[in-house]
Structures are given as C-alpha cells and as structure tokens.
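Novice: A single structure is presented below for examination.
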There are 2 protein chains.
Amino acid sequence: MELTARKKEILKVVTEQYIGSAEPVGSKFIAQAMGGRLSSATIRNELADLVELGYLEQPHTSAGRVPSPKGYRLYVNELMERRSVSDQEAAQINEALGGQMRELDAIIAQAGQAAASIVSYPAYAVAAGKERVTVRRYDLLSVDSSSFIAVVMTDDSRVKSQLLHTQVPLPADQLPSLANLLNTHFTGVGPEELGGRLMGLTSQLPAELFLPLSLTIEYATAVVDRSAQNQVYTTGQTQLLRQPEFQDLSRANELMSLLTDRKDSLPVLDENTPMQILIGPENVNEALKDASVVVASYDIGENMRGLIGVVGPTRMDYAAVAARLSYFAESLTKMFGKNNQLPPKEDEQS
Amino acid sequence: MELTARKKEILKVVTEQYIGSAEPVGSKFIAQAMGGRLSSATIRNELADLVELGYLEQPHTSAGRVPSPKGYRLYVNELMERRSVSDQEAAQINEALGGQMRELDAIIAQAGQAAASIVSYPAYAVAAGKERVTVRRYDLLSVDSSSFIAVVMTDDSRVKSQLLHTQVPLPADQLPSLANLLNTHFTGVGPEELGGRLMGLTSQLPAELFLPLSLTIEYATAVVDRSAQNQVYTTGQTQLLRQPEFQDLSRANELMSLLTDRKDSLPVLDENTPMQILIGPENVNEALKDASVVVASYDIGENMRGLIGVVGPTRMDYAAVAARLSYFAESLTKMFGKNNQLPPKEDEQS
DNA sequence: CTTTAGCACTCCTATCCCCTGAGTGCTAAA
DNA sequence: TTTAGCACTCAGGGGATAGGAGTGCTAAAG
C-alpha cells in the first residue's frame, strides 16, 4: 500500500538529514525541519508507523531513526530530487578528464581516479569489451633469423603486437604467405576455436612454418581471450576510511579487501542500462551487504562499453553521486565519440 | 663504541620477541629467554644502558622495552639470522609464480600480488626500464583509405602498435617509403628529440605524407616517453589493517593513501643493489617515517629491471621477509632468463 | 666491580558506576 | 487526529578505583 504524502515527506527529511550527519534523526528535528506545522508527538506516531512498515530503523530504543535499505530504495526511486551537476562541478569533472590520455587501459584507470575524486568515495572502472572478440587481421614482420613480430588486429579495432622467437632459423621470405594463410583461415573466430583450426593444419605444413604459425596463434588466442580483458581498476580506497561508518575496522576491512584483492567481484551493469543504484542487501556480494554501489556505463567507440562505479556507505549521497556519475559517463561517451577514431591506445611487447 | 656481546644478545631477544608479539618486552621475560643465567635485575641494568645508547625505547616509565629504529638497524645488520626459505615456502612462492603470465604489465602486477600473499604485508611492483628508451624500428601497415597501423619497436625490444587515423585520404602505396624515412631519420633518439627532427622535415614533404608521419612520431614519442613507463602496482593493502600498529586509523590512513593514491613516491632501489631494507626514519618519505620497506630487484631480460617492495610496520619480520623476497626475486630473474626471449607481452591499440 | 634480591613506585588498563541528555512511547485531553 | 505531558530507556562520557606489569634504586652478596 502506498505511503501517505506526509509519511513520504518525513522519510525524505530523515534520509537527507541522515545522509548528511550520519546520526540518527529525532522527532523534534523533523518537526522543525517540516516548518513546525506538526508537533514532535505527531511525528513520533508517524515514525512508529514507518518503522513498522520497514522504511526506518531504530538503532536502540531511545535513539532517533535511520533509513532502512527499503527506505533508501523508496527515497531513490521517488523522493530524491534528481539534480544535475552545478557549473562548478561540471568544470571540476572536465578538468579531471583533461589530462592527455593515450593508452586505453590508462584512460580507464584515470577515469576511475577522476570519479573517485569527484564523488569522494572509492571508485572502480572496467572496460567491458564485447562478449566475443575475434581476430580481424594478422601481420607478420621479419626481424632477424629467428624472430619476428606478430601484429594482431581484433574486430573491435584494437591492435596488439608482440615479438616472437622461434628457436630455429626462420624462412623470412615465407612470412607474407604465412600471414596470408592466417588471414584466410584464422580470422573471425574466437579464442576457443583458434587452437582447433591449428590442429587441422598440422599435417599440411612443413615444420619450419608450423612453429611460427603456432606461436602466432597462441599469441592471438591470448589477445582475444576474454579473461585477459576487463581488468578492473580501483582507486580512492582511502576515502572509505574517512566515512564514520567504517571507523570500525572490521567492516572497513571487508570492503577494502573487496576493492583491492577481489576487484573482479564488484558489480557490473546489465547491457543497455545507463546507470544503476544498488542499495545494501540488494547487492549479491556478501561484502557489500551494508554498502551501496552506483554504476554507470559509457560508450567507448562502437563496440566497447566502459563501466564506472562508486562504492560507499548505504548512507551515500545518492542524488549527488548519481548526478555526477551520469554527467561523468556522458562526458566520457562524448570524449570517445569526438575523436571518432578510438583514442590512441598503446600496446606493448617484450 | 661496540656493544658488549651480552647487550647484543639482549637486543636480539627484545627485537625478536617484539616482532612476534607487538608488546613491549620486560626484563623478566628476557632473563627467562636467555636461559635464566642472569637475574631480571641485571637485565634491567643492561636495558637501561641500551635505552641510553639509543637502541631501545620505553613507551612509558613502567612499560617494557621496544627496539628503536637504531635498534632494528643493528638487528638487521648484525644480529638477524639470515634465513633461507623453507621448502614449503619455496613451494608456495613457485606456485604463486605459476599462473600463465602474458603481458609484461600483468606479470609485474601479478608478481606484486604474489609477494604480498607470501609476506603477509602490502607489496608493490614496478618495472624500471632503462633511463632512456629509443625507437629501434618502425613499420607502417595499410588498413584502409584513411587509417593505418603504426608498429614501433624500442631498443629494449618491446613492440607496441596502434591504429592511427588520418582524416584525409592516405596514399597507401607510399607507406613503405614513409616507413623507410622513419627508420632512417627517427631511430636511436629519445622522446625529447623526436619532435625536433620532425620540425626539420616539415617543408620537404608533401602534406598528405606529413600527417601520417607526424601521427606516427607523436605515437612513438608516447611509447618512448619515460613517464609513461614504470607504472607502480600495489596489492595487499588490507594486510596493513591487520597489523596491530595500524588499528589506529590515522596512521593506517597515511600509509593507505601512499599505497593507493601516491604510489609513485614509494622507494625505489639504487642500480646494482639486489636488496635494501629501509627502517622507519631512514625513509625519506614522510608517510613512511614509522614504517619499514624491503625492496628487491630482479632482471627482466637484458635491459630492464623489476622492483618488488614490501611495506610493513617497523616491527616487521625482517628475516622472513628478506629471505622470501630475495628468493622471490631470484625466481623471477630465472623465470625471465629461461625463456631467453622476454616473456610474451601483449600490446594493444584502440 | 658485578650481580642479585627486595621493595617502593609509576603508570597503563580495565572496570564499574553514576550521571546526563536525547529521544522515545504512552496516555489523556483538546 | 493532533498535541501536551510525563515517565522511561539507553548510549556515552567522566571520574574513581583496583590490578598488574614493570621499573629504578638500594644494599648486600659474590
């Protein structure tokens, strides 16, 4: 059943006050904040109802009220005033995005850093590639008698390269035809199939060509392997320790270890959802049961999506974080769109 | 003046006990630990001397003694029994190094992780490249009418590549001669000079060749730029919070922020020093004044050096950490030596 | 001269208790 | 339905107190 407007107003006051102060909110304060139209006794009756309905909680009998996860959820869904960022905040965000960013990984990492500094909570960033990446093109460049460079371009337009060594002499003049072979038989397939196709060719090739071929395929498999992608970058963990709810180390510890050692289990976002707010127990992850996460996504070129998330106490300032994060994500999308080429991204080899 | 053997023995007992317990060590305990040859009163006299000489400290009048940085230093230099790792520890380290590691950055990061798990303290890892990296070779691969792939190989044998877009039509058949030009005029120079040489050629080239040339040079500059190298990876920060000395958040906070947000100022190691122990105030960095750092280096191929460091309380178990870290560094050197090619390293492009 | 037993003393730590104040729930009247 | 009034609850802070670990010093013994 729908709450009365008055109950909602009270819930809103409690939530916003608590977000700011981290202290349970009492009836007297609420009465005053609502302009004194009602006495604190009336508020107390309403508060008792709200507790019974599960929107508020009481740390102990003689304390004020605190929003429950259900309360926060209602607040986020209906009560919260959707803010947009102020000019000043926008400026700050743009500045944070300003630095010249070359390599994609570096950009992702820096985006995380910028987000953390903008929202004052720890943040994480991931580049979520396509589900399945395939090789679009191979090039082989001769280096010396026993080594060559393999250049692999994927169907999402990333290029990686690596110096490969065959321990045995290499027929340099055969490299172009080998590349040809690769481009004919080993493009458009994912990591799981590359190895299989290689098997099929084993018998048909002279040994001195098979070695460089298999090295290249091995390399390409690694490039295209999904598990090698989506690295998660986290920053601003220290911000956590500033929050009063994490003064108690045991709680902080769990979250810290999630943010530093188990990054992979941070929540990701469903395809096509621009932003999501996960409050306390809405998180599947045990360590996040009494924390909240806000995740937004942005586009990196045509085929990739970036994710940027913020972790904070359930008492997080949802309105501000959501506003800043979505502005941030939009800015990133624009940034990647502008240089309609994907931004310069390095690649490296040993 | 040199300490008497007995004073040294006492210092050793105090240090080792304190390392284990984190509690000030009393005279009675010491007497007992030394086999009861001396009474606690005698020990007390010796302790008073050691305090006066600056090797020990007393948290308050009626507390036991704790090693001072000077005391730890003597312990590390003379008293500590240099351990080697146990078979079990060795196995654990080898296992931690086991995972297949492809990209150099990933290896470095994983080395840090492994180190942290092995020593139970936060660890950091850096690949310290040569002071000055230059380009050894360029290749340009045609993609379509307005884009091409630039492949850059550095003199330390890393290969990076990137997709570059000229907004205007590109004379594909000219790419080989352009690469030729690059290889003649733009090799063997560092980031600071590449731009300059480009200037010199401005007038001599038709415009449609100058654009791809300058894009390539710009990219190469970024590849070779020292500041883009030596990224520092940290892990295991949570281990810090487990240490009793960092229960107090304010102290933990400083170190945490060093380890997450100001990684760059973590101590590095002088060339040619295999390992170094920095105790408390021996650290230049203010945030490390009451922490200790152990850093070891290992070789990555011929031209690069990796650094792996551990951060902990001054009360750190130096013997164990030093043993494990040096074994770890040796294993890494061997690992990189074995595949005498540098390990497969990916590179990426947008 | 060194070592040791003895003892008074210091000072940290934990615990209890009490008090205060914020905030409540309930009742009865408006 | 609202409100005033009041008794009640409970967390948190501030001494006071007791306990205990460990010291420094002294004086005697080796």
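Here's how to read the names in the structure tokens: chain A, B, ... by the order shown, residue numbers from 1 in each chain, ligand numbers from 1 in the order shown.
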Could you please select, counting only C-alpha atoms (C1' of nucleotides), the residues of chain A within 8 Å of chain D and state them as a PyMOL selection string?
Specialist: chain A and resi 39+41-42+60-62
Novice: Among stretch 17-239 of chain B, which residues carry a DSSP assignment of alpha helix (DSSP H), reported as a PyMOL selection string?
Specialist: chain B and resi 17-21+27-33+40-53+69-74+87-96+104-119+175-185+191-201+207-224+237-239
Novice: What are the residues of chain A lining chain C at 10 Å or less? Count only C-alpha atoms (C1' of nucleotides), and put the answer as a list in words.
Specialist: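 Selected residues: Val25, Gly26, Ser27, Lys28, Ala41, Arg44, Asn45, Ala48, His60, Thr61, Ser62, Ala63, Gly64 and Arg65 of chain A.
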Novice: Restricting the output to N, CA and C atoms, write the selected residues as an mmCIF file, in the first residue's frame.
Specialist:
data_model
loop_
_atom_site.group_PDB
_atom_site.id
_atom_site.type_symbol
_atom_site.label_atom_id
_atom_site.label_comp_id
_atom_site.auth_asym_id
_atom_site.auth_seq_id
_atom_site.Cartn_x
_atom_site.Cartn_y
_atom_site.Cartn_z
ATOM 1 N N VAL A 25 18.101 10.435 13.415
ATOM 2 C CA VAL A 25 17.345 11.686 13.363
ATOM 3 C C VAL A 25 16.143 11.604 14.309
ATOM 4 N N GLY A 26 15.971 12.605 15.154
ATOM 5 C CA GLY A 26 14.910 12.591 16.151
ATOM 6 C C GLY A 26 13.651 13.324 15.712
ATOM 7 N N SER A 27 12.575 13.056 16.428
ATOM 8 C CA SER A 27 11.281 13.617 16.035
ATOM 9 C C SER A 27 11.269 15.150 16.109
ATOM 10 N N LYS A 28 11.947 15.675 17.100
ATOM 11 C CA LYS A 28 11.926 17.124 17.280
ATOM 12 C C LYS A 28 12.549 17.810 16.064
ATOM 13 N N ALA A 41 5.257 15.091 18.756
ATOM 14 C CA ALA A 41 4.488 13.896 19.133
ATOM 15 C C ALA A 41 3.825 13.269 17.913
ATOM 16 N N ARG A 44 6.257 11.502 15.986
ATOM 17 C CA ARG A 44 6.629 10.235 16.625
ATOM 18 C C ARG A 44 5.666 9.125 16.235
ATOM 19 N N ASN A 45 4.394 9.480 16.189
ATOM 20 C CA ASN A 45 3.430 8.471 15.748
ATOM 21 C C ASN A 45 3.733 8.007 14.330
ATOM 22 N N ALA A 48 6.764 5.802 14.208
ATOM 23 C CA ALA A 48 6.483 4.435 14.656
ATOM 24 C C ALA A 48 5.879 3.632 13.517
ATOM 25 N N HIS A 60 18.551 1.791 18.678
ATOM 26 C CA HIS A 60 18.164 1.310 20.003
ATOM 27 C C HIS A 60 16.982 2.135 20.484
ATOM 28 N N THR A 61 16.358 1.665 21.534
ATOM 29 C CA THR A 61 15.060 2.237 21.929
ATOM 30 C C THR A 61 15.023 3.747 22.053
ATOM 31 N N SER A 62 16.070 4.309 22.595
ATOM 32 C CA SER A 62 15.976 5.751 22.820
ATOM 33 C C SER A 62 16.794 6.550 21.811
ATOM 34 N N ALA A 63 16.885 6.008 20.625
ATOM 35 C CA ALA A 63 17.625 6.744 19.596
ATOM 36 C C ALA A 63 16.660 7.243 18.535
ATOM 37 N N GLY A 64 17.135 8.121 17.702
ATOM 38 C CA GLY A 64 16.336 8.592 16.583
ATOM 39 C C GLY A 64 16.206 7.507 15.533
ATOM 40 N N ARG A 65 15.720 7.881 14.355
ATOM 41 C CA ARG A 65 15.505 6.890 13.297
ATOM 42 C C ARG A 65 16.534 7.022 12.192
#
Novice: Using only C-alpha atoms (C1' of nucleotides), which protein or nucleic acid residues come within 8 Å of A:Pro67? Drop anything in the same chain fewer than 6 positions from it, and give the result as an MDAnalysis selection string.
Specialist: chainID A and resid 11 14:15 18 55:57
Novice: Would you give me, as a PyMOL selection string, the residues in stretch 74-262 of chain B that DSSP reads as strand (DSSP E or B)?
Specialist: chain B and resi 123-128+135-144+147-154+159-165+232-235
Novice: Include C-alpha atoms and write out the residues we just selected as a compact mmCIF listing (two decimals), in the first residue's frame.
Specialist:
# COMPACT_ATOMS: atom_id res chain seq x y z
CA ALA B 123 53.59 -5.10 -1.65
CA TYR B 124 54.34 -3.01 -4.67
CA ALA B 125 55.92 -3.78 -8.00
CA VAL B 126 57.49 -1.63 -10.70
CA ALA B 127 59.27 -2.35 -13.92
CA ALA B 128 62.15 0.06 -14.00
CA VAL B 135 62.91 3.63 -31.10
CA ARG B 136 64.77 0.96 -32.99
CA ARG B 137 62.38 0.33 -35.81
CA TYR B 138 59.12 1.48 -37.38
CA ASP B 139 56.59 -0.38 -39.52
CA LEU B 140 53.50 1.03 -41.13
CA LEU B 141 50.69 -1.24 -42.26
CA SER B 142 47.94 -0.04 -44.51
CA VAL B 143 44.39 -0.60 -43.28
CA ASP B 144 42.02 1.47 -45.33
CA SER B 147 43.88 4.68 -41.47
CA PHE B 148 46.98 2.64 -40.91
CA ILE B 149 48.72 0.70 -38.18
CA ALA B 150 51.93 2.03 -36.71
CA VAL B 151 54.22 -0.57 -35.17
CA VAL B 152 57.05 0.72 -33.04
CA MET B 153 59.86 -1.41 -31.66
CA THR B 154 62.04 0.05 -28.98
CA VAL B 159 56.89 -3.75 -29.55
CA LYS B 160 53.87 -1.51 -29.43
CA SER B 161 51.34 -0.82 -32.08
CA GLN B 162 48.37 1.37 -32.69
CA LEU B 163 45.71 2.11 -35.23
CA LEU B 164 46.05 5.68 -36.48
CA HIS B 165 43.56 7.71 -38.48
CA VAL B 232 53.60 1.07 -9.92
CA TYR B 233 51.27 -1.75 -8.96
CA THR B 234 50.26 -2.25 -5.37
CA THR B 235 48.37 -5.02 -3.67
Novice: Using only C-alpha atoms for the distances, tell me which of A:Asn180, A:Gln110, A:Thr238, A:Ser203 is nearest to chain B.
Specialist: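 Using only C-alpha atoms, chain B sits closest to A:Thr238.
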Novice: I'd like to know which of B:Gln174, B:Gln231, B:Thr4, B:Gln17 is closest to chain A, using only C-alpha atoms.
Specialist: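 Selected residue with least distance to chain A: B:Gln231.
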Novice: Taking every C-alpha atom in sequence order, what RMSD do you get when chain B is least-squares fitted onto chain A?
Specialist: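 Per the least-squares fit, the RMSD is 0.1 Å.
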Novice: Have a look at A:Ser117, A:Ser86, A:Asn285, A:Ser331 and name the one nearest to chain B; count only C-alpha atoms.
Specialist: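 Nearest candidate to chain B out of A:Ser117, A:Ser86, A:Asn285, A:Ser331: A:Ser117.
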Novice: Quick one, how far is atom CA of B:Thr314 from atom CA of A:Gln243?
Specialist: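 Separation between atom CA of B:Thr314 and atom CA of A:Gln243: 27.5 Å.
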Novice: List the neighbours of B:Leu269 out to 10 Å using only C-alpha atoms (C1' of nucleotides); skip same-chain residues closer than 6 positions along the sequence, and give me the result as number ranges by chain.
Specialist: B: 128, 275-277, 294-297, 306-309
Novice: I'd like the neighbourhood of B:Val189 as a list in words, where a residue qualifies if any of its atoms comes within 10 Å (using only C-alpha atoms (C1' of nucleotides)), though same-chain residues fewer than 4 positions away should be ignored.
Specialist: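 Everything that qualifies: Arg132, Val133, Thr134, Val135, Arg136, Asp155, His185, Glu193, Leu194, Arg197, Thr221 and Val224 of chain B.
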Novice: In terms of the shortest atom-to-atom distance over only C-alpha atoms, which of A:Ala109, A:Leu182, A:Ala207, A:Ala291 is closest to A:Phe246?
Specialist: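 Of A:Ala109, A:Leu182, A:Ala207, A:Ala291, the one nearest A:Phe246, counting only C-alpha atoms, is A:Ala291.
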Novice: Could you jot down the atom CA of B:Tyr318 to atom CA of B:Lys8 separation for me, Å, one decimal place?
Specialist: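 Atom CA of B:Lys8 lies at a distance of 17.0 Å from atom CA of B:Tyr318.
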Novice: Interatomic distance between atom CA of A:Asn183 and atom CA of B:Leu175?
Specialist: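 Answer for the atom CA of A:Asn183 to atom CA of B:Leu175 separation: 20.7 Å.
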